[in-house]
Amino acid sequence: MSPLDARWAAARRVLAIRLDNLGDVLLTTPAIHAIRASLPEAEITLLAGPVGAQAGRLNPDLDDVIVYQAPWMDPWSRLPHDSRREQHMIARLKARRFDGAIIFTSFRQSPLPAAYLCYLADIPLRVAASIDGPGSLLTTRHKHPERMMHEVERGLDLVGAIGMDTAERDLVLSVPDSARAAVADRLADIGALGDRPLVVLHPGCSMPARTYPWEQYAEVTALLIGRLGATVALTGVAEERPLVERIRARLRPALRERALPLAGDLDFPGLCALIAAADLTITNNTGPMHVSAAVKTPVVALFALTNPPEQWGPWRVPHRLLFYDVPCRICYSRVCPYGHECLRLVPPAMVLDAARDLLSGAVHAATNGATASVAQGGKRP
């Protein structure tokens, strides 16, 4: 790696930008830690979307978080057209007098809208990875190697382009003691502590194409309780309460008592504390999968092949990725145009087997972030 760029060595106010989702911000935390390690005296601020900002607030490497809902990060085109929003953000960033901005994006995103925002805010140093010609929008244009890289490695590769690095490459998430204590008290009150395994099952996802069918989640819940004697905490945001209730309603009454409906009942620190207290998480390719990796709770990921598992899988934690291999893999679709086979054809019994393996410690974490254990349903004819 090259030595620290002299221009960046003098920076005292640094803006890190990651504008997409919760998991994306978590996967950027090793790179943010590299900024902190390289510039220990600097003030580091994260510019993030409303959901991703939640992870930023639990990151001790950051001094501040600015929330910005960028129109180019609006996959469902729901954000009203209002240029005053962008003008206000330009003025706000300009008033902070940042010395440099490091713009993190995934493989399919362009950093240039954020770079232009920083250009207009008079931030003198602007670095990002771009396959498009940036003109003078970037002061350092980086190109990632032409090979598959985990998203954590992409972030570290970007900051490495200006000489920043760290030997500590775990995800960074500091769960408040108050949240841990509140969750422990609640679990004790409902009798969820003891010898039974506690499994967090998070069935929702903002992208339908990445979501395992709720009927099959209900069957998984029944198997976890009936075969493994588990207590299952069903989590989600408030809007996912009907989803959780549909899953519980599918269970026999004797099993329903051990399926705890917690959707909408926990704030983000509380969800993190619950996952940290759990023995296992089962979820889609979504934010709680990465929360589990950050707090070192083993995770079974029902991983839709909309995105490459090698790039987005759980980082440095015991895990299983479950999917059914299909010819249309890596489609990047938000809604599946076919029969959703990459998830629908994963049988609940396979999820149970993966959960049993992880609860018994049969699957170990990969030290370099590679997949620890992959189970596939097979290829579609």
# chains A, B, ... in the order shown; residues from 1 in each chain; ligands from 1

call {"tool": "select_by_dssp", "arguments": {"residues": "stretch 211-319 of chain A", "states": "strand (DSSP E)", "output": "PyMOL selection string"}}
result
chain A and resi 231-234+259-261+280-284+299-302+319

call {"tool": "residues_around", "arguments": {"residues": "A:Leu138", "least_positions_apart": "3", "cutoff": "8 Å", "atoms": "only C-alpha atoms", "output": "VMD selection string"}}
result
chain A and resid 115 125 to 128 134 to 135 141

call {"tool": "write_last_selection", "arguments": {"atoms": "C-alpha atoms", "output": "compact mmCIF listing (two decimals), in the first residue's frame"}}
result
# COMPACT_ATOMS: atom_id res chain seq x y z
CA ALA A 115 -18.94 14.13 -5.90
CA LEU A 125 -10.36 16.82 -1.69
CA ARG A 126 -12.76 14.29 -3.22
CA VAL A 127 -11.94 10.61 -3.70
CA ALA A 128 -14.09 7.80 -5.09
CA PRO A 134 -15.29 12.24 -13.53
CA GLY A 135 -13.63 15.30 -15.03
CA ARG A 141 -10.16 8.78 -9.14

call {"tool": "closest_residue", "arguments": {"among": "A:Phe303, A:Trp8, A:Phe323, A:Tyr119", "to": "A:Ser38", "atoms": "only C-alpha atoms"}}
result
A:Trp8

call {"tool": "closest_atom_pairs", "arguments": {"of": "stretch 121-230 of chain A", "to": "stretch 348-361 of chain A", "cutoff": "8 Å", "atoms": "only C-alpha atoms", "output": "tab-separated table"}}
result
residue	atom	partner	partner_atom	distance
A:Pro197	CA	A:Leu359	CA	7.9
A:Gln216	CA	A:Pro348	CA	6.2
A:Tyr217	CA	A:Pro348	CA	7.5
A:Glu219	CA	A:Pro348	CA	6.3
A:Val220	CA	A:Pro348	CA	5.2
A:Leu223	CA	A:Leu352	CA	6.7
A:Leu224	CA	A:Leu352	CA	6.6
A:Leu228	CA	A:Arg356	CA	7.6

call {"tool": "write_last_selection", "arguments": {"atoms": "C-alpha atoms", "output": "compact mmCIF listing (two decimals), in the first residue's frame"}}
result
# COMPACT_ATOMS: atom_id res chain seq x y z
CA PRO A 197 -31.54 -21.45 22.21
CA GLN A 216 -41.83 -20.91 4.52
CA TYR A 217 -40.60 -18.67 7.34
CA GLU A 219 -42.57 -23.48 8.68
CA VAL A 220 -38.99 -22.66 9.69
CA LEU A 223 -39.30 -26.46 13.08
CA LEU A 224 -37.02 -24.33 15.25
CA LEU A 228 -34.70 -27.61 18.46

call {"tool": "residues_around", "arguments": {"residues": "A:Pro80", "least_positions_apart": "4", "cutoff": "12 Å", "atoms": "only C-alpha atoms", "output": "PyMOL selection string"}}
result
chain A and resi 69-72+74+76+84-86

call {"tool": "write_last_selection", "arguments": {"atoms": "N, CA, C and O atoms", "output": "short mmCIF file (atom, residue, chain, number, x, y, z; two decimals), in the first residue's frame"}}
result
data_model
loop_
_atom_site.label_atom_id
_atom_site.label_comp_id
_atom_site.auth_asym_id
_atom_site.auth_seq_id
_atom_site.Cartn_x
_atom_site.Cartn_y
_atom_site.Cartn_z
N GLN A 69 -31.28 12.28 2.52
CA GLN A 69 -31.98 11.36 1.63
C GLN A 69 -31.75 11.82 0.19
O GLN A 69 -32.42 12.70 -0.32
N ALA A 70 -30.77 11.21 -0.43
CA ALA A 70 -30.34 11.65 -1.76
C ALA A 70 -31.31 11.14 -2.84
O ALA A 70 -31.72 9.98 -2.81
N PRO A 71 -31.67 11.97 -3.81
CA PRO A 71 -32.61 11.54 -4.84
C PRO A 71 -32.06 10.44 -5.73
O PRO A 71 -32.83 9.68 -6.33
N TRP A 72 -30.73 10.33 -5.85
CA TRP A 72 -30.17 9.25 -6.68
C TRP A 72 -30.09 7.93 -5.91
O TRP A 72 -29.67 6.93 -6.45
N ASP A 74 -32.92 6.55 -4.43
CA ASP A 74 -34.36 6.46 -4.22
C ASP A 74 -34.90 5.39 -5.18
O ASP A 74 -35.49 5.71 -6.22
N TRP A 76 -37.37 3.41 -5.43
CA TRP A 76 -38.78 3.31 -5.80
C TRP A 76 -39.32 4.66 -6.31
O TRP A 76 -40.53 4.79 -6.53
N ARG A 84 -34.64 22.47 -3.48
CA ARG A 84 -34.22 23.17 -2.26
C ARG A 84 -33.57 22.22 -1.28
O ARG A 84 -32.72 22.63 -0.49
N ARG A 85 -33.97 20.95 -1.30
CA ARG A 85 -33.36 19.94 -0.42
C ARG A 85 -31.86 19.84 -0.70
O ARG A 85 -31.04 19.86 0.21
N GLU A 86 -31.50 19.75 -1.98
CA GLU A 86 -30.10 19.64 -2.34
C GLU A 86 -29.35 20.96 -2.09
O GLU A 86 -28.21 20.97 -1.64
#
